[in-house]
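Next up, query06.cif (mmCIF, C-alpha atoms and all ligand atoms):
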```cif
data_target
loop_
_atom_site.label_atom_id
_atom_site.label_comp_id
_atom_site.auth_asym_id
_atom_site.auth_seq_id
_atom_site.Cartn_x
_atom_site.Cartn_y
_atom_site.Cartn_z
CA MET W 1 0.00 0.00 0.00
CA SER W 2 1.43 3.31 -1.07
CA SER W 3 2.97 5.53 1.57
CA SER W 4 2.00 8.82 -0.01
CA THR W 5 -1.73 8.18 -0.25
CA ALA W 6 -3.95 10.38 1.88
CA THR W 7 -6.54 8.41 3.82
CA ASN W 8 -9.91 9.19 5.40
CA VAL W 9 -8.61 8.04 8.78
CA THR W 10 -8.60 11.03 11.13
CA GLU W 11 -5.45 12.06 12.92
CA GLY W 12 -7.06 11.14 16.24
CA ALA W 13 -8.04 7.68 15.01
CA LEU W 14 -4.53 7.06 13.67
CA ARG W 15 -2.98 8.18 16.95
CA SER W 16 -5.24 5.72 18.71
CA VAL W 17 -4.12 2.90 16.37
CA VAL W 18 -0.47 3.64 17.13
CA ASP W 19 -1.24 3.80 20.88
CA THR W 20 -3.07 0.47 20.78
CA ALA W 21 -0.25 -1.23 18.88
CA SER W 22 2.33 0.29 21.27
CA THR W 23 0.39 -0.88 24.32
CA LEU W 24 0.25 -4.43 22.94
CA ILE W 25 3.96 -4.45 22.01
CA ALA W 26 4.86 -3.33 25.56
CA MET W 27 2.91 -6.30 26.97
CA HIS W 28 5.07 -8.62 24.81
CA PRO W 29 2.42 -11.36 24.51
CA VAL W 30 4.80 -14.21 23.72
CA TYR W 31 3.83 -17.83 24.42
CA GLY W 32 3.84 -18.79 28.11
CA SER W 33 4.16 -15.19 29.36
CA THR W 34 1.92 -13.17 31.66
CA GLY W 35 1.90 -10.58 28.87
CA GLN W 36 -0.50 -12.76 26.91
CA GLY W 37 -3.12 -12.60 29.67
CA ARG W 38 -2.60 -8.87 30.03
CA ALA W 39 -3.02 -8.29 26.30
CA LEU W 40 -6.27 -10.31 26.34
CA ALA W 41 -7.60 -8.35 29.30
CA TYR W 42 -6.67 -5.08 27.59
CA LEU W 43 -8.44 -6.03 24.35
CA GLU W 44 -11.45 -7.28 26.31
CA GLN W 45 -11.74 -3.95 28.07
CA ARG W 46 -11.36 -2.05 24.77
CA MET W 47 -14.07 -4.12 23.08
CA HIS W 48 -16.37 -3.69 26.11
CA ALA W 49 -15.91 0.07 25.90
CA LEU W 50 -17.09 -0.10 22.28
CA GLY W 51 -20.23 -1.92 23.41
CA ALA W 52 -19.27 -5.23 21.80
CA ARG W 53 -20.33 -8.59 23.22
CA THR W 54 -17.14 -10.21 24.41
CA ARG W 55 -16.13 -13.60 25.76
CA ARG W 56 -12.79 -14.97 26.91
CA ALA W 57 -12.60 -18.63 26.01
CA ARG W 58 -10.06 -20.99 27.50
CA ILE W 59 -8.57 -23.52 25.07
CA PHE W 60 -9.11 -27.11 26.18
CA ASP W 61 -6.89 -29.35 24.07
CA GLU W 62 -9.04 -32.43 24.69
CA GLU W 63 -11.90 -30.68 22.89
CA ILE W 64 -9.92 -30.03 19.71
CA GLU W 65 -7.13 -32.60 19.52
CA ALA W 66 -9.16 -35.04 17.40
CA HIS W 67 -9.35 -32.45 14.62
CA PRO W 68 -6.85 -32.97 11.76
CA CYS W 69 -5.77 -29.31 12.10
CA TYR W 70 -4.75 -29.80 15.74
CA CYS W 71 -1.04 -29.26 16.33
CA HIS W 72 0.72 -31.36 18.97
CA VAL W 73 2.85 -28.53 20.26
CA GLU W 74 4.27 -30.62 23.13
CA ASN W 75 6.22 -32.50 20.42
CA PHE W 76 8.45 -29.44 20.07
CA GLY W 77 9.79 -30.37 23.52
CA GLY W 78 11.71 -27.95 25.72
CA GLN W 79 9.57 -25.08 26.95
CA PHE W 80 6.57 -26.59 25.13
CA SER W 81 6.62 -29.93 27.01
CA ASN W 82 3.90 -28.73 29.38
CA TYR W 83 1.91 -27.06 26.57
CA ARG W 84 -1.35 -28.79 27.44
CA GLU W 85 -1.21 -27.67 31.06
CA THR W 86 -0.45 -24.05 30.12
CA LEU W 87 -3.42 -21.67 30.45
CA ARG W 88 -4.26 -20.30 27.00
CA GLU W 89 -7.27 -18.16 26.13
CA ASN W 90 -8.78 -16.54 23.06
CA LEU W 91 -10.96 -13.44 23.02
CA LEU W 92 -14.18 -13.66 21.00
CA SER W 93 -15.98 -10.44 20.29
CA GLU W 94 -19.14 -9.66 18.35
CA ILE W 95 -20.86 -6.52 17.09
CA ASP W 96 -24.37 -7.09 15.79
CA PHE W 97 -25.73 -4.37 13.50
CA GLY W 98 -29.05 -6.21 13.07
CA GLY W 99 -30.66 -7.10 9.75
CA ASP W 100 -29.66 -9.85 7.37
CA GLY W 101 -26.32 -8.46 6.17
CA PRO W 102 -23.18 -10.57 6.02
CA THR W 103 -21.28 -12.07 8.95
CA ILE W 104 -17.63 -11.08 8.60
CA LEU W 105 -14.89 -12.39 10.87
CA CYS W 106 -11.60 -10.57 11.47
CA ASN W 107 -8.92 -12.92 12.84
CA GLY W 108 -5.77 -11.64 14.50
CA HIS W 109 -3.19 -13.54 16.48
CA LEU W 110 -1.88 -11.70 19.49
CA ASP W 111 0.93 -14.12 20.25
CA VAL W 112 4.26 -12.87 18.93
CA GLU W 113 7.41 -14.68 17.89
CA PHE W 114 10.18 -15.17 20.46
CA VAL W 115 13.03 -12.66 20.43
CA LEU W 116 15.97 -14.97 19.68
CA ALA W 117 18.66 -12.31 19.28
CA PRO W 118 17.80 -9.39 21.62
CA THR W 119 21.26 -7.82 21.29
CA GLN W 120 20.77 -7.36 17.53
CA TRP W 121 18.07 -4.72 18.02
CA THR W 122 19.56 -1.31 17.27
CA VAL W 123 18.06 0.22 20.40
CA ALA W 124 18.31 -1.96 23.52
CA GLU W 125 15.10 -3.72 24.47
CA SER W 126 13.08 -1.89 21.80
CA TRP W 127 11.44 -5.23 21.04
CA ARG W 128 9.31 -4.67 24.13
CA ARG W 129 9.76 -0.93 24.50
CA PRO W 130 7.84 0.39 21.50
CA ARG W 131 9.66 3.17 19.74
CA LEU W 132 8.30 5.57 17.14
CA ASP W 133 11.03 6.84 14.86
CA GLY W 134 10.77 8.38 11.41
CA GLY W 135 7.18 7.24 10.90
CA LYS W 136 7.98 3.67 11.92
CA LEU W 137 6.79 1.91 15.04
CA TYR W 138 9.42 -0.58 16.22
CA GLY W 139 8.75 -3.57 18.47
CA ARG W 140 8.21 -7.33 18.43
CA GLY W 141 4.89 -8.05 16.79
CA SER W 142 4.52 -4.60 15.22
CA SER W 143 4.23 -6.18 11.75
CA ASP W 144 3.29 -9.71 12.86
CA MET W 145 0.56 -8.84 13.81
CA LEU W 146 -0.25 -6.49 16.67
CA GLY W 147 -0.45 -3.64 14.15
CA ALA W 148 -3.34 -5.36 12.35
CA ILE W 149 -5.12 -5.96 15.67
CA ALA W 150 -4.89 -2.23 16.43
CA CYS W 151 -6.41 -1.51 12.99
CA PHE W 152 -9.23 -4.00 13.64
CA LEU W 153 -10.14 -2.07 16.79
CA ALA W 154 -10.15 1.23 14.89
CA THR W 155 -12.37 -0.25 12.20
CA ALA W 156 -14.76 -1.67 14.81
CA GLU W 157 -14.99 1.82 16.31
CA TYR W 158 -15.62 3.39 12.90
CA LEU W 159 -18.33 0.85 12.05
CA ILE W 160 -20.08 1.36 15.41
CA HIS W 161 -20.28 5.07 14.56
CA GLU W 162 -21.96 4.16 11.28
CA ALA W 163 -24.11 1.42 12.85
CA SER W 164 -27.49 2.96 11.99
CA LYS W 165 -26.72 2.50 8.27
CA LEU W 166 -25.35 -1.05 8.59
CA SER W 167 -26.72 -4.55 8.54
CA GLY W 168 -24.92 -7.77 9.47
CA ARG W 169 -22.46 -8.91 12.10
CA LEU W 170 -18.78 -8.30 12.71
CA LEU W 171 -16.85 -10.93 14.66
CA LEU W 172 -13.41 -10.12 16.01
CA HIS W 173 -11.35 -13.10 17.11
CA PHE W 174 -8.12 -12.40 18.94
CA VAL W 175 -6.29 -15.70 19.17
CA VAL W 176 -3.12 -17.17 20.61
CA ASP W 177 -0.85 -20.02 19.43
CA GLU W 178 -0.64 -18.96 15.77
CA GLU W 179 3.14 -18.87 15.90
CA ILE W 180 3.15 -22.44 17.20
CA GLY W 181 0.68 -24.13 14.87
CA GLY W 182 -2.76 -22.52 15.07
CA ASN W 183 -4.62 -24.23 17.92
CA GLY W 184 -6.04 -20.87 19.02
CA THR W 185 -7.89 -20.34 15.74
CA LEU W 186 -8.88 -24.02 15.70
CA ALA W 187 -10.56 -23.58 19.10
CA THR W 188 -12.46 -20.47 17.96
CA LEU W 189 -13.80 -22.14 14.83
CA THR W 190 -14.71 -25.37 16.66
CA THR W 191 -17.08 -23.45 18.94
CA LEU W 192 -18.35 -21.00 16.32
CA GLY W 193 -21.77 -22.58 15.71
CA GLU W 194 -22.85 -20.00 13.14
CA LYS W 195 -22.35 -19.27 9.49
CA VAL W 196 -19.54 -16.90 8.60
CA ASP W 197 -19.67 -15.42 5.11
CA ALA W 198 -16.11 -14.15 4.91
CA ALA W 199 -13.00 -13.96 7.05
CA ILE W 200 -10.03 -11.62 6.97
CA ILE W 201 -6.76 -12.76 8.48
CA GLY W 202 -4.63 -9.69 9.16
CA GLU W 203 -1.20 -11.29 8.64
CA PRO W 204 1.35 -8.85 7.17
CA THR W 205 1.07 -9.15 3.39
CA ASP W 206 3.03 -6.08 2.31
CA GLY W 207 0.09 -4.69 0.36
CA ALA W 208 -0.89 -8.01 -1.23
CA VAL W 209 -4.26 -9.74 -0.94
CA CYS W 210 -3.70 -13.48 -0.64
CA THR W 211 -6.07 -16.42 -1.04
CA ARG W 212 -3.48 -19.20 -0.76
CA SER W 213 -0.88 -19.95 1.89
CA ARG W 214 2.13 -22.21 2.26
CA SER W 215 2.54 -25.45 4.16
CA PHE W 216 4.72 -25.99 7.24
CA GLU W 217 6.35 -29.42 7.02
CA GLN W 218 9.31 -30.52 9.11
CA PHE W 219 11.67 -33.46 8.77
CA LYS W 220 15.15 -34.41 9.88
CA ILE W 221 18.17 -35.90 8.18
CA VAL W 222 20.42 -38.22 10.16
CA CYS W 223 24.06 -38.45 9.04
CA HIS W 224 26.52 -41.16 10.04
CA GLY W 225 30.26 -41.25 10.80
CA ARG W 226 32.75 -43.56 12.49
CA PRO W 227 34.46 -42.57 15.76
CA ARG W 228 38.22 -43.27 15.94
CA HIS W 229 41.46 -41.55 16.88
CA MET W 230 41.25 -38.14 15.25
CA CYS W 231 44.70 -38.43 13.68
CA PHE W 232 43.50 -41.41 11.68
CA GLY W 233 40.00 -40.19 10.79
CA ALA W 234 39.29 -39.84 7.09
CA ASN W 235 37.08 -36.93 6.08
CA ASP W 236 34.14 -39.15 5.21
CA GLU W 237 34.27 -40.75 8.66
CA ASN W 238 33.02 -37.57 10.32
CA ALA W 239 29.22 -37.28 10.36
CA LEU W 240 29.63 -33.50 10.52
CA ALA W 241 31.33 -33.55 7.10
CA GLN W 242 28.33 -35.44 5.74
CA ALA W 243 26.00 -32.96 7.45
CA SER W 244 27.84 -30.06 5.89
CA GLU W 245 27.51 -31.52 2.38
CA THR W 246 23.87 -32.35 3.04
CA TYR W 247 23.32 -28.72 4.00
CA GLN W 248 24.68 -27.66 0.60
CA LEU W 249 22.41 -30.17 -1.16
CA ILE W 250 19.38 -28.70 0.62
CA GLU W 251 20.39 -25.18 -0.40
CA ALA W 252 20.52 -26.35 -4.03
CA LEU W 253 17.18 -28.11 -3.58
CA ASP W 254 15.69 -24.84 -2.34
CA GLY W 255 16.72 -23.27 -5.64
CA TRP W 256 14.97 -26.12 -7.49
CA CYS W 257 11.79 -25.55 -5.41
CA ARG W 258 11.77 -21.88 -6.40
CA GLU W 259 12.04 -22.83 -10.08
CA GLN W 260 8.98 -25.09 -9.81
CA VAL W 261 6.70 -22.14 -8.96
CA PRO W 262 8.20 -19.15 -10.80
CA SER W 263 5.64 -16.68 -9.38
CA ASP W 264 6.99 -17.46 -5.88
CA HIS W 265 10.65 -17.40 -6.93
CA ALA W 266 11.54 -14.65 -4.46
CA PHE W 267 10.68 -16.79 -1.43
CA ARG W 268 12.66 -19.56 0.23
CA SER W 269 11.01 -22.98 0.54
CA LEU W 270 13.50 -24.89 2.72
CA CYS W 271 15.25 -23.85 5.92
CA VAL W 272 17.83 -25.85 7.86
CA GLY W 273 17.25 -24.30 11.27
CA VAL W 274 19.29 -26.66 13.46
CA VAL W 275 22.44 -28.70 12.85
CA SER W 276 23.80 -30.78 15.68
CA GLY W 277 26.22 -33.67 16.15
CA GLY W 278 29.33 -34.95 17.82
CA SER W 279 30.16 -34.94 21.51
CA ASP W 280 33.98 -34.78 21.64
CA ALA W 281 36.05 -32.19 19.78
CA ALA W 282 38.84 -34.76 19.36
CA VAL W 283 36.76 -37.56 17.81
CA PRO W 284 35.06 -37.68 14.37
CA ALA W 285 31.33 -37.37 15.10
CA PRO W 286 29.48 -40.71 14.93
CA THR W 287 26.15 -39.02 14.13
CA ALA W 288 24.81 -35.61 13.13
CA GLU W 289 21.33 -34.29 12.50
CA LEU W 290 19.85 -31.52 10.40
CA LEU W 291 16.38 -30.30 11.37
CA VAL W 292 14.62 -28.91 8.33
CA THR W 293 11.37 -27.02 7.73
CA ALA W 294 9.71 -26.82 4.34
CA ALA W 295 7.24 -23.99 3.61
CA LEU W 296 5.87 -25.03 0.24
CA PRO W 297 3.34 -23.30 -2.02
CA PRO W 298 0.23 -25.41 -2.72
CA GLU W 299 1.56 -26.21 -6.21
CA LEU W 300 4.51 -28.21 -4.80
CA SER W 301 4.14 -31.33 -2.60
CA LEU W 302 6.56 -32.40 0.12
CA SER W 303 6.66 -35.95 -1.30
CA ARG W 304 8.04 -34.56 -4.56
CA VAL W 305 10.69 -32.58 -2.72
CA LEU W 306 11.67 -35.51 -0.49
CA ALA W 307 11.89 -37.93 -3.45
CA ARG W 308 14.33 -35.58 -5.14
CA LEU W 309 16.31 -35.15 -1.93
CA ALA W 310 16.54 -38.91 -1.35
CA ALA W 311 17.79 -39.48 -4.91
CA GLN W 312 20.43 -36.77 -4.51
CA LEU W 313 21.64 -38.06 -1.15
CA GLU W 314 22.01 -41.58 -2.56
CA HIS W 315 23.79 -40.29 -5.65
CA ARG W 316 26.24 -38.32 -3.51
CA PHE W 317 26.92 -40.75 -0.65
CA GLY W 318 26.02 -44.16 -2.12
CA ARG W 319 23.39 -46.50 -0.78
CA ASP W 320 25.45 -47.82 2.19
CA ARG W 321 26.43 -44.44 3.65
CA CYS W 322 23.32 -42.54 2.66
CA PRO W 323 21.94 -40.13 5.32
CA GLN W 324 18.40 -41.03 6.35
CA VAL W 325 15.38 -38.72 6.03
CA GLU W 326 13.15 -39.28 9.05
CA PRO W 327 9.97 -37.83 10.59
CA TYR W 328 10.41 -34.88 12.94
CA GLY W 329 8.37 -32.03 14.39
CA ILE W 330 5.02 -31.06 12.92
CA ARG W 331 3.45 -30.92 9.50
CA PHE W 332 0.42 -29.14 8.18
CA PRO W 333 -0.70 -28.18 4.68
CA GLY W 334 -1.16 -24.77 3.11
CA SER W 335 -4.50 -23.38 1.96
CA THR W 336 -5.68 -23.32 -1.62
CA MET W 337 -8.75 -21.14 -1.90
CA GLY W 338 -10.24 -17.99 -0.44
CA HIS W 339 -13.10 -15.52 -0.68
CA GLU W 340 -12.63 -14.22 -4.22
CA PRO W 341 -15.23 -11.39 -4.14
CA LEU W 342 -13.72 -10.02 -0.92
CA ALA W 343 -10.20 -10.40 -2.32
CA ALA W 344 -11.25 -8.54 -5.48
CA ALA W 345 -12.80 -5.72 -3.44
CA LEU W 346 -9.68 -5.36 -1.28
CA ARG W 347 -7.42 -5.40 -4.35
CA ALA W 348 -9.50 -2.70 -6.01
CA GLY W 349 -9.30 -0.66 -2.80
CA ILE W 350 -5.52 -1.00 -2.68
CA GLU W 351 -5.19 0.03 -6.35
CA ARG W 352 -7.46 3.05 -5.70
CA ARG W 353 -5.08 4.06 -2.92
CA GLY W 354 -2.18 3.95 -5.37
CA GLY W 355 -0.77 0.59 -4.23
CA HIS W 356 -0.12 -2.65 -6.08
CA SER W 357 -1.91 -5.67 -4.74
CA GLY W 358 0.73 -8.30 -5.61
CA SER W 359 0.65 -12.10 -5.68
CA ALA W 360 -2.24 -14.21 -4.34
CA ASN W 361 0.21 -16.57 -2.60
CA PHE W 362 1.06 -15.75 1.02
CA PRO W 363 4.72 -16.80 1.36
CA SER W 364 4.29 -18.53 4.72
CA ALA W 365 2.09 -20.92 6.63
CA CYS W 366 -0.75 -19.30 8.61
CA ASP W 367 -4.17 -20.10 10.04
CA ALA W 368 -5.89 -19.83 6.62
CA ARG W 369 -5.80 -23.62 6.26
CA ILE W 370 -7.99 -23.93 9.38
CA PHE W 371 -10.62 -21.64 7.87
CA GLU W 372 -10.45 -23.74 4.72
CA ALA W 373 -10.99 -26.93 6.77
CA PHE W 374 -14.13 -25.35 8.24
CA GLY W 375 -15.42 -24.24 4.83
CA ILE W 376 -15.07 -20.53 5.65
CA PRO W 377 -13.65 -18.57 2.71
CA ALA W 378 -10.88 -16.32 3.99
CA VAL W 379 -8.56 -13.67 2.67
CA ILE W 380 -5.10 -12.98 4.07
CA CYS W 381 -4.41 -9.26 4.04
CA GLY W 382 -2.77 -7.10 6.66
CA PRO W 383 -0.44 -4.18 7.22
CA GLY W 384 3.32 -4.55 7.47
CA SER W 385 5.65 -7.09 5.95
CA LEU W 386 6.74 -10.64 6.73
CA GLN W 387 10.18 -9.56 5.62
CA ARG W 388 10.48 -7.65 8.91
CA ALA W 389 8.82 -10.33 11.05
CA HIS W 390 10.57 -12.64 13.54
CA GLY W 391 13.86 -10.70 13.35
CA PRO W 392 15.55 -7.71 14.98
CA ASP W 393 14.22 -4.17 14.42
CA GLU W 394 10.76 -5.38 13.38
CA TYR W 395 8.61 -2.34 12.61
CA ILE W 396 5.42 -1.19 10.96
CA GLY W 397 4.98 2.10 9.10
CA VAL W 398 2.42 4.50 10.53
CA ASP W 399 1.41 5.05 6.88
CA GLU W 400 0.76 1.29 6.58
CA LEU W 401 -1.51 1.39 9.63
CA ALA W 402 -3.39 4.36 8.17
CA SER W 403 -3.78 2.78 4.72
CA TYR W 404 -4.96 -0.53 6.10
CA THR W 405 -7.46 1.01 8.52
CA ASP W 406 -8.82 3.13 5.68
CA LEU W 407 -9.07 0.07 3.41
CA LEU W 408 -10.91 -1.97 6.07
CA ASN W 409 -13.27 0.88 7.03
CA ASP W 410 -14.18 1.37 3.40
CA THR W 411 -14.48 -2.31 2.38
CA LEU W 412 -16.34 -3.53 5.47
CA GLY W 413 -18.50 -0.39 5.52
CA ARG W 414 -19.61 -1.12 1.94
CA ALA W 415 -20.23 -4.80 2.76
CA PHE W 416 -22.39 -3.93 5.79
CA ARG W 417 -24.26 -1.24 3.80
CA GLY W 418 -25.16 -3.85 1.21
CA GLU W 419 -23.04 -2.25 -1.54
CA LEU W 420 -20.70 -5.23 -1.77
CA GLU W 421 -22.12 -8.75 -1.84
CA LEU W 422 -20.10 -11.11 0.35
CA ARG W 423 -22.86 -13.43 1.56
CA ARG W 424 -22.64 -17.08 0.73
CA PRO W 425 -25.77 -18.96 -0.31
ZN ZN Q 501 1.70 -13.86 11.95
#
```
Represent the structure of the file as structure tokens.
Ligand SMILES: [Zn+2]
Amino acid sequence: MSSSTATNVTEGALRSVVDTASTLIAMHPVYGSTGQGRALAYLEQRMHALGARTRRARIFDEEIEAHPCYCHVENFGGQFSNYRETLRENLLSEIDFGGDGPTILCNGHLDVEFVLAPTQWTVAESWRRPRLDGGKLYGRGSSDMLGAIACFLATAEYLIHEASKLSGRLLLHFVVDEEIGGNGTLATLTTLGEKVDAAIIGEPTDGAVCTRSRSFEQFKIVCHGRPRHMCFGANDENALAQASETYQLIEALDGWCREQVPSDHAFRSLCVGVVSGGSDAAVPAPTAELLVTAALPPELSLSRVLARLAAQLEHRFGRDRCPQVEPYGIRFPGSTMGHEPLAAALRAGIERRGGHSGSANFPSACDARIFEAFGIPAVICGPGSLQRAHGPDEYIGVDELASYTDLLNDTLGRAFRGELELRRP
């Protein structure tokens, strides 16, 4: 969305969006923290003040674990081992304008990614001390996606002002656990019990309107060596040497993945996030492991990627010494379809504001697949950029917040006034 475009969002409303986003950033609602509860309480109070019906709903894993979209987070181990015993809540909010207009659901995850490298932020602790500098609001979650949540609140406020002209219902779901597999959204949709015509997921899409998302599919590769006196160890007897070559093969395979879907060429498909092995610096490592995550566009299946990888490993190392590809972590698919009329309306709105609405593929996994599983057509569109997410100096432009709020006010206003048909038969 263009930065120079003037919007109909008042200065006061925009200040309030920035304040809301800053407040949420300062609470740092990361998994397992007290900040998550505080952020929920804050949003609950804000929605109450707007006159919305609001309900905090605890997530009970036993009620949702039979669903194919359920993610067994405890399998991550470490701090997630007691996942099921950890108190997690969503906030469900509803504004009923009356009449038979559409039911539109805005979904925003308030959990944020962990800060893995706090010292790499330019200003110390600015990941949880929101900082406004040069029209950019810095902080963890500013782009992904506390900024969008702040815009949702502003739009709810705008629509309540216009309520006498509107018909239909607006649902606002503020969920947790998106960054760790999506059980928050799964819980909200399991208890929904009503027809939703269209959903908007406010993930940062950098001005694009997306109706497809990528998968999240993990696996590991186990490499083998032979321990012996280091002065007699041949290079191919060290599992770490095999791991290092395997790493290079996966990098090349990532290039192949990009070629298979040229429209997504700019985005990586494979990430080796962990390499481990060996226990004694003076002995060739007997084993080594690479933990890999694939984020594949719907056009490319993991089985195709793994078949190619297996053939390449065997070609390089021979059948006897071939590293083994084994199950690891979690896997879930991408999403393949969305609400086309809503996507078209949002794209037209972005173009009118001087932006370019980009590719329909969201270059990451997200909760869209859960909406698809429940037969709710969704669109992924939100302010900010994934390019800035999960890393140091994450920020969102104040202009992006203004543009997005303006786009939502306009599009949802038209839908609730009956000028834009989003209802499903
Ligand atoms: Zn996100």
Taking only C-alpha atoms into account, produce a table as a tab-separated table in which each residue of region 110-194 of chain W with an atom at most 9 Å from an atom of region 407-422 of chain W appears once, together with its shortest atom pair and the distance in Å to one decimal, ordered by chain and rising number.
```
residue	atom	partner	partner_atom	distance
W:Cys151	CA	W:Leu408	CA	8.3
W:Phe152	CA	W:Leu408	CA	8.0
W:Ala154	CA	W:Asn409	CA	8.5
W:Thr155	CA	W:Asn409	CA	5.4
W:Ala156	CA	W:Asn409	CA	8.3
W:Tyr158	CA	W:Asn409	CA	6.8
W:Leu159	CA	W:Gly413	CA	6.6
W:Glu162	CA	W:Gly413	CA	8.1
W:Lys165	CA	W:Arg417	CA	6.3
W:Leu166	CA	W:Arg417	CA	4.9
W:Ser167	CA	W:Phe416	CA	5.2
W:Gly168	CA	W:Phe416	CA	5.9
W:Arg169	CA	W:Phe416	CA	8.0
W:Leu170	CA	W:Phe416	CA	8.9
```
Tell me which of W:Glu340, W:Glu179, W:Glu351, W:Asp144 sits closest to Pro383 (chain W), counting all atoms listed in the file.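 Nearest to Pro383 (chain W): W:Asp144.
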Contacts with ligand ZN 501 (chain Q) at most 7 Å, all atoms listed in the file counted, listed as a CSV table (one decimal) with C-alpha atoms, keeping the file's coordinate frame:
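part_1.csv, written as the output of this step:
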```csv
chain,number,residue,atom,x,y,z
W,109,HIS,CA,-3.2,-13.5,16.5
W,144,ASP,CA,3.3,-9.7,12.9
W,145,MET,CA,0.6,-8.8,13.8
W,178,GLU,CA,-0.6,-19.0,15.8
W,179,GLU,CA,3.1,-18.9,15.9
W,203,GLU,CA,-1.2,-11.3,8.6
W,204,PRO,CA,1.4,-8.8,7.2
W,366,CYS,CA,-0.8,-19.3,8.6
```
Proximity check region 329-383 of chain W to region 293-308 of chain W, 8 Å, nearest pairs one decimal Å, all atoms listed in the file, as a Markdown table:
```
| residue | atom | partner | partner_atom | distance |
| --- | --- | --- | --- | --- |
| W:Pro333 | CA | W:Pro298 | CA | 8.0 |
| W:Gly334 | CA | W:Pro298 | CA | 6.0 |
| W:Ser335 | CA | W:Pro298 | CA | 7.0 |
| W:Thr336 | CA | W:Pro298 | CA | 6.4 |
| W:Asn361 | CA | W:Pro297 | CA | 7.4 |
| W:Pro363 | CA | W:Pro297 | CA | 7.5 |
| W:Ser364 | CA | W:Ala295 | CA | 6.3 |
| W:Ala365 | CA | W:Ala295 | CA | 6.7 |
```
Which one of W:Asp320, W:Asp206, W:Glu62, W:Glu237 sits closest to Ser359 (chain W) if you count only C-alpha atoms? W:Asp206
Give me, please, the distance in Å between CA of Ser385 (chain W) and CA of Met337 (chain W), quoted to one decimal. 21.6 Å
Of the candidates W:Leu186, W:Ala281, W:Ala243, W:Ala402, which shows the shortest atom-to-atom distance to Tyr70 (chain W), using only C-alpha atoms?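 Closest candidate: W:Leu186.
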Surrounding residues of Arg131 (chain W) excluding itself and chain neighbours under 5 positions, 12 Å, all atoms listed in the file, as an MDAnalysis selection string: chainID W and resid 18:19 21:23 25:26 121:126 136:140 142 393:398
